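Heads up, upload-v2.cif below (mmCIF, C-alpha atoms (C1' of nucleotides)):
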data_upload
loop_
_atom_site.label_atom_id
_atom_site.label_comp_id
_atom_site.auth_asym_id
_atom_site.auth_seq_id
_atom_site.Cartn_x
_atom_site.Cartn_y
_atom_site.Cartn_z
CA MET E 1 -10.87 -20.37 -28.71
CA ALA E 2 -10.29 -16.67 -28.74
CA GLU E 3 -7.63 -16.91 -26.05
CA VAL E 4 -5.40 -18.99 -28.22
CA ALA E 5 -5.44 -16.37 -30.93
CA THR E 6 -4.73 -13.66 -28.37
CA ARG E 7 -1.83 -15.65 -27.02
CA GLU E 8 -0.37 -16.20 -30.45
CA THR E 9 -0.59 -12.50 -31.12
CA ALA E 10 1.00 -11.70 -27.79
CA LEU E 11 3.86 -14.09 -28.48
CA LYS E 12 4.48 -12.62 -31.91
CA GLU E 13 4.47 -9.15 -30.49
CA ALA E 14 6.82 -10.19 -27.72
CA GLU E 15 9.17 -11.48 -30.37
CA ALA E 16 8.97 -8.17 -32.20
CA VAL E 17 9.52 -6.14 -29.05
CA CYS E 18 12.64 -8.10 -28.19
CA THR E 19 14.09 -7.87 -31.67
CA ARG E 20 13.49 -4.13 -31.72
CA ARG E 21 15.59 -3.89 -28.56
CA GLY E 22 18.34 -6.24 -29.58
CA ALA E 23 17.22 -8.82 -27.04
CA VAL E 24 16.58 -12.42 -27.96
CA LEU E 25 13.41 -14.32 -27.13
CA THR E 26 15.03 -17.74 -27.13
CA PRO E 27 12.95 -20.91 -27.30
CA LEU E 28 13.26 -21.37 -23.55
CA ARG E 29 12.12 -17.83 -22.77
CA ARG E 30 9.35 -18.14 -25.27
CA GLN E 31 8.17 -21.38 -23.69
CA VAL E 32 8.10 -19.83 -20.24
CA LEU E 33 6.25 -16.80 -21.54
CA GLU E 34 3.73 -19.05 -23.21
CA LEU E 35 3.18 -20.98 -19.98
CA VAL E 36 2.59 -17.75 -18.11
CA LEU E 37 0.17 -16.49 -20.74
CA ARG E 38 -1.64 -19.79 -20.83
CA ALA E 39 -2.42 -19.70 -17.11
CA GLU E 40 -5.75 -18.35 -15.97
CA ALA E 41 -4.28 -16.82 -12.85
CA PRO E 42 -0.82 -15.75 -11.74
CA VAL E 43 1.52 -18.75 -11.66
CA GLY E 44 4.29 -19.54 -9.23
CA ALA E 45 7.82 -20.19 -10.43
CA TYR E 46 7.75 -23.79 -9.29
CA ALA E 47 4.44 -24.47 -10.99
CA LEU E 48 6.06 -23.22 -14.18
CA LEU E 49 9.05 -25.39 -13.48
CA ASP E 50 6.88 -28.49 -13.16
CA GLN E 51 5.27 -27.80 -16.50
CA LEU E 52 8.58 -26.97 -18.08
CA LYS E 53 10.08 -30.25 -16.95
CA ALA E 54 7.68 -32.07 -19.25
CA MET E 55 9.36 -30.39 -22.19
CA ARG E 56 12.86 -30.04 -20.75
CA PRO E 57 13.73 -32.85 -18.39
CA GLY E 58 16.84 -31.06 -17.12
CA ALA E 59 15.01 -27.92 -16.05
CA ALA E 60 15.92 -26.63 -12.60
CA PRO E 61 14.98 -23.54 -10.57
CA PRO E 62 17.58 -21.31 -12.24
CA THR E 63 16.18 -22.29 -15.62
CA VAL E 64 12.83 -20.77 -14.75
CA TYR E 65 14.11 -17.84 -12.75
CA ARG E 66 16.49 -16.76 -15.49
CA ALA E 67 13.70 -16.79 -18.01
CA LEU E 68 11.39 -14.94 -15.64
CA ASP E 69 14.04 -12.31 -14.95
CA PHE E 70 14.44 -11.74 -18.64
CA LEU E 71 10.71 -11.47 -19.22
CA LEU E 72 10.31 -9.09 -16.28
CA GLU E 73 13.19 -7.02 -17.59
CA GLN E 74 11.52 -6.75 -20.96
CA GLY E 75 8.19 -5.87 -19.40
CA LEU E 76 6.53 -8.92 -20.92
CA ILE E 77 5.37 -10.19 -17.55
CA HIS E 78 4.88 -8.78 -14.07
CA LYS E 79 5.35 -10.23 -10.65
CA VAL E 80 2.46 -10.19 -8.21
CA GLU E 81 4.22 -9.67 -4.90
CA ARG E 82 1.35 -10.71 -2.68
CA LEU E 83 1.17 -14.07 -4.40
CA ASN E 84 4.80 -14.64 -5.26
CA ALA E 85 3.53 -15.35 -8.72
CA TYR E 86 3.88 -14.13 -12.26
CA ILE E 87 1.38 -12.91 -14.79
CA GLY E 88 1.52 -11.86 -18.42
CA CYS E 89 1.60 -8.14 -19.02
CA ASN E 90 -1.66 -6.92 -20.42
CA GLU E 91 -1.21 -3.81 -22.52
CA SER E 92 -4.71 -3.80 -23.94
CA GLY E 93 -6.14 -0.35 -24.04
CA HIS E 94 -3.42 1.79 -22.59
CA GLY E 95 -0.83 3.13 -24.93
CA HIS E 96 2.37 1.60 -23.58
CA SER E 97 4.01 -0.55 -26.20
CA HIS E 98 5.67 -2.83 -23.66
CA ASP E 99 7.59 -0.21 -21.80
CA HIS E 100 10.08 -1.92 -19.62
CA HIS E 101 8.21 -0.76 -16.54
CA HIS E 102 4.94 1.01 -16.98
CA PRO E 103 2.65 2.03 -14.13
CA HIS E 104 -0.05 -0.54 -13.51
CA GLN E 105 -2.30 -1.95 -10.81
CA PHE E 106 -3.59 -5.39 -10.07
CA LEU E 107 -7.03 -6.47 -8.91
CA ILE E 108 -6.68 -9.86 -7.24
CA CYS E 109 -9.82 -11.88 -6.56
CA ARG E 110 -9.57 -13.87 -3.34
CA THR E 111 -12.33 -16.18 -4.44
CA CYS E 112 -11.36 -17.27 -7.93
CA GLY E 113 -7.76 -16.12 -8.00
CA ALA E 114 -8.20 -14.25 -11.26
CA THR E 115 -5.99 -11.22 -11.43
CA MET E 116 -6.71 -8.29 -13.65
CA GLU E 117 -4.25 -5.65 -14.71
CA ILE E 118 -5.42 -2.09 -15.04
CA ALA E 119 -3.63 1.19 -15.61
CA ASP E 120 -5.67 3.86 -13.95
CA PRO E 121 -4.27 7.33 -14.57
CA ALA E 122 -5.89 8.74 -11.44
CA VAL E 123 -4.19 6.14 -9.26
CA THR E 124 -0.86 6.67 -10.97
CA HIS E 125 -1.17 10.41 -10.66
CA ALA E 126 -2.17 10.32 -7.00
CA ILE E 127 0.83 8.15 -6.21
CA GLU E 128 3.20 10.41 -8.08
CA ALA E 129 1.77 13.43 -6.27
CA ALA E 130 2.05 11.75 -2.87
CA ALA E 131 5.68 10.84 -3.51
CA ARG E 132 6.55 14.30 -4.78
CA ARG E 133 4.96 15.91 -1.74
CA VAL E 134 7.53 14.31 0.54
CA GLY E 135 10.46 14.73 -1.86
CA PHE E 136 10.57 11.07 -2.77
CA VAL E 137 11.90 10.21 -6.22
CA LEU E 138 9.64 7.50 -7.53
CA ALA E 139 11.16 4.62 -9.44
CA GLU E 140 8.38 2.07 -9.49
CA ALA E 141 5.13 1.49 -7.65
CA THR E 142 3.45 -1.76 -6.75
CA VAL E 143 -0.32 -1.54 -6.40
CA GLU E 144 -2.10 -4.75 -5.57
CA ILE E 145 -5.77 -4.59 -4.70
CA GLU E 146 -7.26 -7.66 -3.08
CA GLY E 147 -10.95 -8.36 -2.84
CA THR E 148 -13.73 -9.98 -4.80
CA CYS E 149 -14.09 -9.64 -8.54
CA ALA E 150 -17.36 -8.62 -10.15
CA ARG E 151 -18.22 -12.14 -11.23
CA CYS E 152 -17.60 -13.72 -7.84
CA ALA E 153 -19.31 -10.85 -6.03
CA GLU E 154 -22.64 -11.32 -7.78
CA ALA E 155 -22.60 -15.09 -7.54
CA MET L 1 16.69 9.68 22.59
CA ALA L 2 13.27 10.68 21.37
CA GLU L 3 12.79 7.36 19.63
CA VAL L 4 12.93 5.45 22.86
CA ALA L 5 10.15 7.55 24.29
CA THR L 6 8.12 7.10 21.12
CA ARG L 7 8.64 3.39 21.30
CA GLU L 8 7.59 3.22 24.91
CA THR L 9 4.46 5.13 24.08
CA ALA L 10 3.73 2.88 21.14
CA LEU L 11 4.15 -0.21 23.28
CA LYS L 12 1.86 1.15 25.94
CA GLU L 13 -0.71 2.00 23.36
CA ALA L 14 -0.42 -1.42 21.78
CA GLU L 15 -1.10 -2.91 25.17
CA ALA L 16 -4.19 -0.73 25.53
CA VAL L 17 -5.45 -1.55 22.04
CA CYS L 18 -5.16 -5.27 22.69
CA THR L 19 -6.87 -5.09 26.06
CA ARG L 20 -9.70 -3.08 24.57
CA ARG L 21 -10.26 -5.90 22.10
CA GLY L 22 -9.89 -8.77 24.50
CA ALA L 23 -6.60 -9.80 22.92
CA VAL L 24 -3.47 -10.40 24.95
CA LEU L 25 -0.13 -8.80 24.22
CA THR L 26 1.93 -11.53 25.85
CA PRO L 27 5.59 -10.99 26.75
CA LEU L 28 6.66 -12.82 23.59
CA ARG L 29 4.44 -10.73 21.34
CA ARG L 30 5.52 -7.62 23.10
CA GLN L 31 9.18 -8.52 22.62
CA VAL L 32 8.69 -9.12 18.91
CA LEU L 33 6.79 -5.86 18.55
CA GLU L 34 9.56 -4.04 20.34
CA LEU L 35 12.17 -5.54 18.03
CA VAL L 36 10.18 -4.46 15.00
CA LEU L 37 9.75 -0.94 16.36
CA ARG L 38 13.40 -0.73 17.28
CA ALA L 39 14.54 -1.41 13.72
CA GLU L 40 15.35 1.48 11.44
CA ALA L 41 14.04 -0.29 8.39
CA PRO L 42 11.66 -3.17 7.76
CA VAL L 43 13.02 -6.36 9.33
CA GLY L 44 12.84 -9.91 8.06
CA ALA L 45 11.34 -12.66 10.18
CA TYR L 46 14.64 -14.47 10.49
CA ALA L 47 16.48 -11.33 11.52
CA LEU L 48 13.92 -11.01 14.30
CA LEU L 49 14.39 -14.64 15.14
CA ASP L 50 18.14 -14.17 15.53
CA GLN L 51 17.61 -11.30 17.93
CA LEU L 52 14.90 -13.16 19.76
CA LYS L 53 17.17 -16.14 20.30
CA ALA L 54 19.38 -14.01 22.51
CA MET L 55 16.46 -13.64 24.89
CA ARG L 56 14.73 -16.96 24.27
CA PRO L 57 17.19 -19.69 23.40
CA GLY L 58 14.46 -22.05 22.24
CA ALA L 59 12.97 -19.66 19.71
CA ALA L 60 12.21 -21.19 16.32
CA PRO L 61 10.55 -19.94 13.12
CA PRO L 62 7.00 -20.58 14.33
CA THR L 63 7.75 -18.58 17.45
CA VAL L 64 8.35 -15.49 15.38
CA TYR L 65 5.72 -16.11 12.74
CA ARG L 66 3.00 -16.66 15.28
CA ALA L 67 3.85 -13.42 17.01
CA LEU L 68 4.01 -11.60 13.68
CA ASP L 69 0.63 -13.01 12.64
CA PHE L 70 -0.89 -11.76 15.84
CA LEU L 71 0.62 -8.31 15.46
CA LEU L 72 -0.50 -8.11 11.83
CA GLU L 73 -3.96 -9.19 12.84
CA GLN L 74 -4.11 -6.43 15.44
CA GLY L 75 -2.83 -3.88 12.96
CA LEU L 76 0.20 -3.15 15.12
CA ILE L 77 2.62 -3.93 12.32
CA HIS L 78 2.48 -4.25 8.54
CA LYS L 79 4.21 -6.52 6.09
CA VAL L 80 6.17 -4.99 3.24
CA GLU L 81 5.57 -7.47 0.45
CA ARG L 82 8.37 -6.33 -1.80
CA LEU L 83 10.88 -6.90 0.96
CA ASN L 84 9.33 -9.84 2.76
CA ALA L 85 9.83 -7.77 5.85
CA TYR L 86 7.83 -6.27 8.67
CA ILE L 87 7.51 -2.74 9.95
CA GLY L 88 5.76 -1.07 12.83
CA CYS L 89 2.49 0.61 12.00
CA ASN L 90 2.77 4.33 12.11
CA GLU L 91 -0.49 6.00 12.94
CA SER L 92 0.95 9.45 13.46
CA GLY L 93 -1.27 12.11 12.02
CA HIS L 94 -4.07 10.14 10.48
CA GLY L 95 -7.00 9.37 12.63
CA HIS L 96 -7.03 5.59 12.67
CA SER L 97 -6.63 4.32 16.18
CA HIS L 98 -5.02 1.05 15.14
CA ASP L 99 -7.76 -0.14 12.89
CA HIS L 100 -7.12 -3.74 12.12
CA HIS L 101 -6.43 -2.88 8.51
CA HIS L 102 -6.36 0.75 7.51
CA PRO L 103 -5.44 2.03 4.05
CA HIS L 104 -1.81 3.01 3.85
CA GLN L 105 1.09 3.31 1.45
CA PHE L 106 4.80 2.71 1.78
CA LEU L 107 7.68 4.71 0.37
CA ILE L 108 10.70 2.43 0.21
CA CYS L 109 14.13 3.97 -0.33
CA ARG L 110 16.36 1.78 -2.46
CA THR L 111 19.44 3.54 -1.21
CA CYS L 112 19.10 3.58 2.56
CA GLY L 113 16.30 1.07 2.98
CA ALA L 114 14.25 3.40 5.13
CA THR L 115 10.56 2.86 4.65
CA MET L 116 7.98 5.48 5.41
CA GLU L 117 4.31 4.89 5.92
CA ILE L 118 1.85 7.43 4.63
CA ALA L 119 -1.92 7.48 4.33
CA ASP L 120 -2.74 9.65 1.37
CA PRO L 121 -6.49 10.11 0.96
CA ALA L 122 -6.15 10.87 -2.76
CA VAL L 123 -4.36 7.59 -3.38
CA THR L 124 -6.86 5.67 -1.30
CA HIS L 125 -9.76 7.34 -3.02
CA ALA L 126 -8.37 6.77 -6.53
CA ILE L 127 -7.90 3.09 -5.77
CA GLU L 128 -11.41 2.75 -4.39
CA ALA L 129 -12.79 4.48 -7.47
CA ALA L 130 -10.79 2.29 -9.84
CA ALA L 131 -11.99 -0.86 -8.12
CA ARG L 132 -15.61 0.29 -8.08
CA ARG L 133 -15.46 1.13 -11.77
CA VAL L 134 -14.93 -2.52 -12.65
CA GLY L 135 -17.29 -3.89 -10.02
CA PHE L 136 -14.48 -5.11 -7.81
CA VAL L 137 -15.20 -5.30 -4.08
CA LEU L 138 -12.09 -4.04 -2.38
CA ALA L 139 -10.87 -5.77 0.76
CA GLU L 140 -7.35 -4.48 1.12
CA ALA L 141 -4.82 -2.68 -1.04
CA THR L 142 -1.06 -2.92 -1.02
CA VAL L 143 0.74 0.18 -2.25
CA GLU L 144 4.51 0.05 -2.18
CA ILE L 145 6.40 2.84 -3.85
CA GLU L 146 10.07 2.25 -4.50
CA GLY L 147 12.56 4.96 -5.26
CA THR L 148 14.89 7.35 -3.49
CA CYS L 149 13.97 9.18 -0.32
CA ALA L 150 14.42 12.91 0.03
CA ARG L 151 17.55 12.61 2.12
CA CYS L 152 19.30 10.19 -0.22
CA ALA L 153 18.16 12.11 -3.29
CA GLU L 154 19.84 15.36 -2.26
CA ALA L 155 23.05 13.73 -1.11
"C1'" DG N 1 41.93 -21.57 -38.75
"C1'" DA N 2 42.83 -20.05 -33.82
"C1'" DC N 3 41.51 -17.15 -30.31
"C1'" DC N 4 38.72 -14.35 -27.45
"C1'" DG N 5 34.34 -12.44 -25.36
"C1'" DG N 6 29.54 -12.16 -24.42
"C1'" DG N 7 25.41 -14.33 -23.77
"C1'" DT N 8 22.81 -18.49 -22.82
"C1'" DC N 9 21.95 -22.72 -20.65
"C1'" DG N 10 22.74 -27.23 -17.61
"C1'" DG N 11 23.18 -28.67 -13.12
"C1'" DA N 12 24.43 -29.04 -8.19
"C1'" DA N 13 24.26 -26.89 -4.06
"C1'" DC N 14 22.61 -23.59 -1.03
"C1'" DA N 15 19.99 -19.59 1.13
"C1'" DT N 16 15.82 -17.53 2.55
"C1'" DT N 17 11.07 -17.35 3.78
"C1'" DA N 18 7.13 -19.71 5.62
"C1'" DT N 19 4.10 -23.66 7.29
"C1'" DA N 20 2.57 -28.19 9.26
"C1'" DT N 21 2.34 -31.04 13.05
"C1'" DC N 22 2.39 -32.74 17.54
"C1'" DA N 23 3.46 -32.08 22.39
"C1'" DT N 24 3.17 -29.24 26.51
"C1'" DC N 25 1.50 -26.07 29.80
"C1'" DA N 26 -1.28 -22.61 32.19
"C1'" DG N 27 -5.80 -20.80 33.18
"C1'" DG N 28 -10.62 -21.05 33.29
"C1'" DT N 29 -15.18 -23.94 33.56
"C1'" DC N 30 -18.09 -27.53 34.67
"C1'" DG Z 1 -10.65 -33.91 38.93
"C1'" DA Z 2 -12.05 -33.79 33.87
"C1'" DC Z 3 -12.32 -30.82 30.19
"C1'" DC Z 4 -11.59 -27.02 27.03
"C1'" DT Z 5 -9.05 -23.10 25.06
"C1'" DG Z 6 -5.27 -20.27 23.86
"C1'" DA Z 7 -0.30 -19.76 23.88
"C1'" DT Z 8 4.12 -21.66 23.44
"C1'" DG Z 9 7.99 -25.38 22.70
"C1'" DA Z 10 10.12 -28.19 19.39
"C1'" DT Z 11 10.98 -30.87 15.14
"C1'" DA Z 12 10.41 -31.34 10.55
"C1'" DT Z 13 9.23 -29.91 6.05
"C1'" DA Z 14 7.51 -26.96 2.28
"C1'" DA Z 15 7.83 -23.07 -0.85
"C1'" DT Z 16 10.47 -19.56 -2.93
"C1'" DG Z 17 14.70 -17.76 -4.66
"C1'" DT Z 18 20.07 -17.44 -5.42
"C1'" DT Z 19 25.08 -18.63 -6.10
"C1'" DC Z 20 28.37 -20.78 -8.50
"C1'" DC Z 21 30.83 -23.25 -11.95
"C1'" DG Z 22 31.33 -25.16 -16.29
"C1'" DA Z 23 29.81 -26.12 -21.04
"C1'" DC Z 24 28.33 -24.52 -25.24
"C1'" DC Z 25 27.37 -21.58 -29.16
"C1'" DC Z 26 28.14 -17.69 -31.97
"C1'" DG Z 27 30.12 -13.49 -33.72
"C1'" DG Z 28 34.00 -10.99 -34.12
"C1'" DT Z 29 39.19 -10.41 -34.82
"C1'" DC Z 30 43.85 -11.49 -35.57
#

For the structure just supplied, provide its representation as structure tokens.
Amino acid sequence: MAEVATRETALKEAEAVCTRRGAVLTPLRRQVLELVLRAEAPVGAYALLDQLKAMRPGAAPPTVYRALDFLLEQGLIHKVERLNAYIGCNESGHGHSHDHHHPHQFLICRTCGATMEIADPAVTHAIEAAARRVGFVLAEATVEIEGTCARCAEA
Amino acid sequence: MAEVATRETALKEAEAVCTRRGAVLTPLRRQVLELVLRAEAPVGAYALLDQLKAMRPGAAPPTVYRALDFLLEQGLIHKVERLNAYIGCNESGHGHSHDHHHPHQFLICRTCGATMEIADPAVTHAIEAAARRVGFVLAEATVEIEGTCARCAEA
DNA sequence: GACCGGGTCGGAACATTATATCATCAGGTC
DNA sequence: GACCTGATGATATAATGTTCCGACCCGGTC
């Protein structure tokens, strides 16, 4: 499967990114990251916890949330606010080498749940301009677009 | 205070909007709407519940959530996903007469908590274009911009 | 070696946000 | 009156997220 290869690559790169920054991708954090990457759609913290318990019987909510916080901090995953769920950061294409927080947008399919990350410069620019116009100093923008993905729309 | 007048107007208009649609702005719903409008910043459901209890001793979570669902449905309030909080819909300026769901964006100040609703056509258009480009059928977009508002930035 | 300090993790309890379910009541319709 | 519908009352429970304390490891430093 191609996805497996992609995931392996992503994990290796995550490792590299952390090392470069003096952060440590511990086995626990790596496991959680792998679970997030393995999922087809954004995953909830407690779904991750359930899976994690198979490997680590003692796992509790803080176990997962600490790992997620770390991964969010490092920009390796994102949180989808509308779903209270987490998704692997997809850098493909755009030139951010895992910036801690890079501008991005999500397309969330209501039918199949698949969530796609894009980084549209026009959207980013329009948001920056809108903020500037009212003297607002932008720190981070959440853009979550809900609807029907191409595949589900034609079916 | 000007805000009181504004609020009165908003409540009257809400009443009118509901009637026009055959929906009923019951006393409970009206009270919840008023509490939301009265708040300076987005309010959580349980904060509303606490206030509501003063007027309705029997109020429970479903009491508030049902009212909020109705108000969301009617487009009289919005939910701020990043804060799990609710805010009155501000139509001022743009021409939507309480559409059920009109495109809008939030500017959330991390310092003072104030949250401003805007409706920037460029942002809306860029999002529509981005979705169309990948064959995504847009239903609704959440745009929540966090940062520092003009007032807090200069202070 | 002994000691300290930071970072990580285990584990219990708790806080916050939201929903499910069933009962009740008022108003309209047949 | 019997029946339906929409709104609310009331209890319980689910889902999501945090606080707190203590243990442990590891890299310095004396």

If the PyMOL selection byres ((chain Z) within 12 of (chain L)) is run on the structure shown, which residues does it catch, given as a PDB file with C-alpha atoms (C1' of nucleotides), in the coordinates of the input?
ATOM      1  C1'  DG Z   6      -5.270 -20.270  23.860  1.00  0.00           C
ATOM      2  C1'  DA Z   7      -0.300 -19.760  23.880  1.00  0.00           C
ATOM      3  C1'  DT Z   8       4.120 -21.660  23.440  1.00  0.00           C
ATOM      4  C1'  DG Z   9       7.990 -25.380  22.700  1.00  0.00           C
ATOM      5  C1'  DA Z  10      10.120 -28.190  19.390  1.00  0.00           C
ATOM      6  C1'  DT Z  11      10.980 -30.870  15.140  1.00  0.00           C
ATOM      7  C1'  DA Z  12      10.410 -31.340  10.550  1.00  0.00           C
ATOM      8  C1'  DT Z  16      10.470 -19.560  -2.930  1.00  0.00           C
TER       9       DT Z  16
END

* Which of these residues is nearest to chain L, using only C-alpha atoms: E:Glu81, E:Cys112, E:Ala39, E:Gly88? -> E:Glu81

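Those residues returned by the PyMOL selection byres ((chain L) within 12 of (chain N)) for this file are Gly44, Ala45, Tyr46, Ala47, Ala60, Pro61, Pro62, Thr63, Val64, Tyr65, Arg66, Leu68, Asp69, Glu81, Leu83, Asn84 and Ala85 of chain L.
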
* To do: Determine the residue set returned by the PyMOL selection byres ((chain E) within 6 of (chain L)) for the present structure, and present it as a PyMOL selection string.
  => chain E and resi 81+122-123+126-127+135-150

* **Between CA of Tyr86 in chain L and CA of Arg38 in chain L, distance in Å (one decimal)** => 11.7 Å

* Calculate how many Å separate CA of Ala10 in chain E from CA of Gln51 in chain E, rounding to one decimal. => 20.1 Å

Give me the box for range 20-30 of chain Z as lines of an AutoDock Vina configuration file, namely the centre and edge lengths in Å to one decimal of a box along x, y and z that holds every listed atom plus 4 Å on each side.
center_x = 35.6
center_y = -18.3
center_z = -22.0
size_x = 24.5
size_y = 23.7
size_z = 35.1

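Between Glu15 in chain E and the candidates E:Arg133, E:Ala54, E:Ala41, E:Gln74, the tightest atom-to-atom separation, counting only C-alpha atoms, involves E:Gln74.
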
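Put simply, CA of Asp50 in chain L is 12.7 Å away from CA of Gln31 in chain L.
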
* To do: List every protein, DNA or RNA residue that has an atom no more than 7 Å from (2.0, -10.6, 18.5) in the file's coordinate frame, counting only C-alpha atoms (C1' of nucleotides), and report them as number ranges by chain.
  => L: 25, 29-30, 32-33, 66-71

Take the residues that were just selected and, keeping C-alpha atoms, output them as a compact mmCIF listing (two decimals), in the coordinates of the input.
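selection_18.txt, freshly written:
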# COMPACT_ATOMS: atom_id res chain seq x y z
CA LEU L 25 -0.13 -8.80 24.22
CA ARG L 29 4.44 -10.73 21.34
CA ARG L 30 5.52 -7.62 23.10
CA VAL L 32 8.69 -9.12 18.91
CA LEU L 33 6.79 -5.86 18.55
CA ARG L 66 3.00 -16.66 15.28
CA ALA L 67 3.85 -13.42 17.01
CA LEU L 68 4.01 -11.60 13.68
CA ASP L 69 0.63 -13.01 12.64
CA PHE L 70 -0.89 -11.76 15.84
CA LEU L 71 0.62 -8.31 15.46
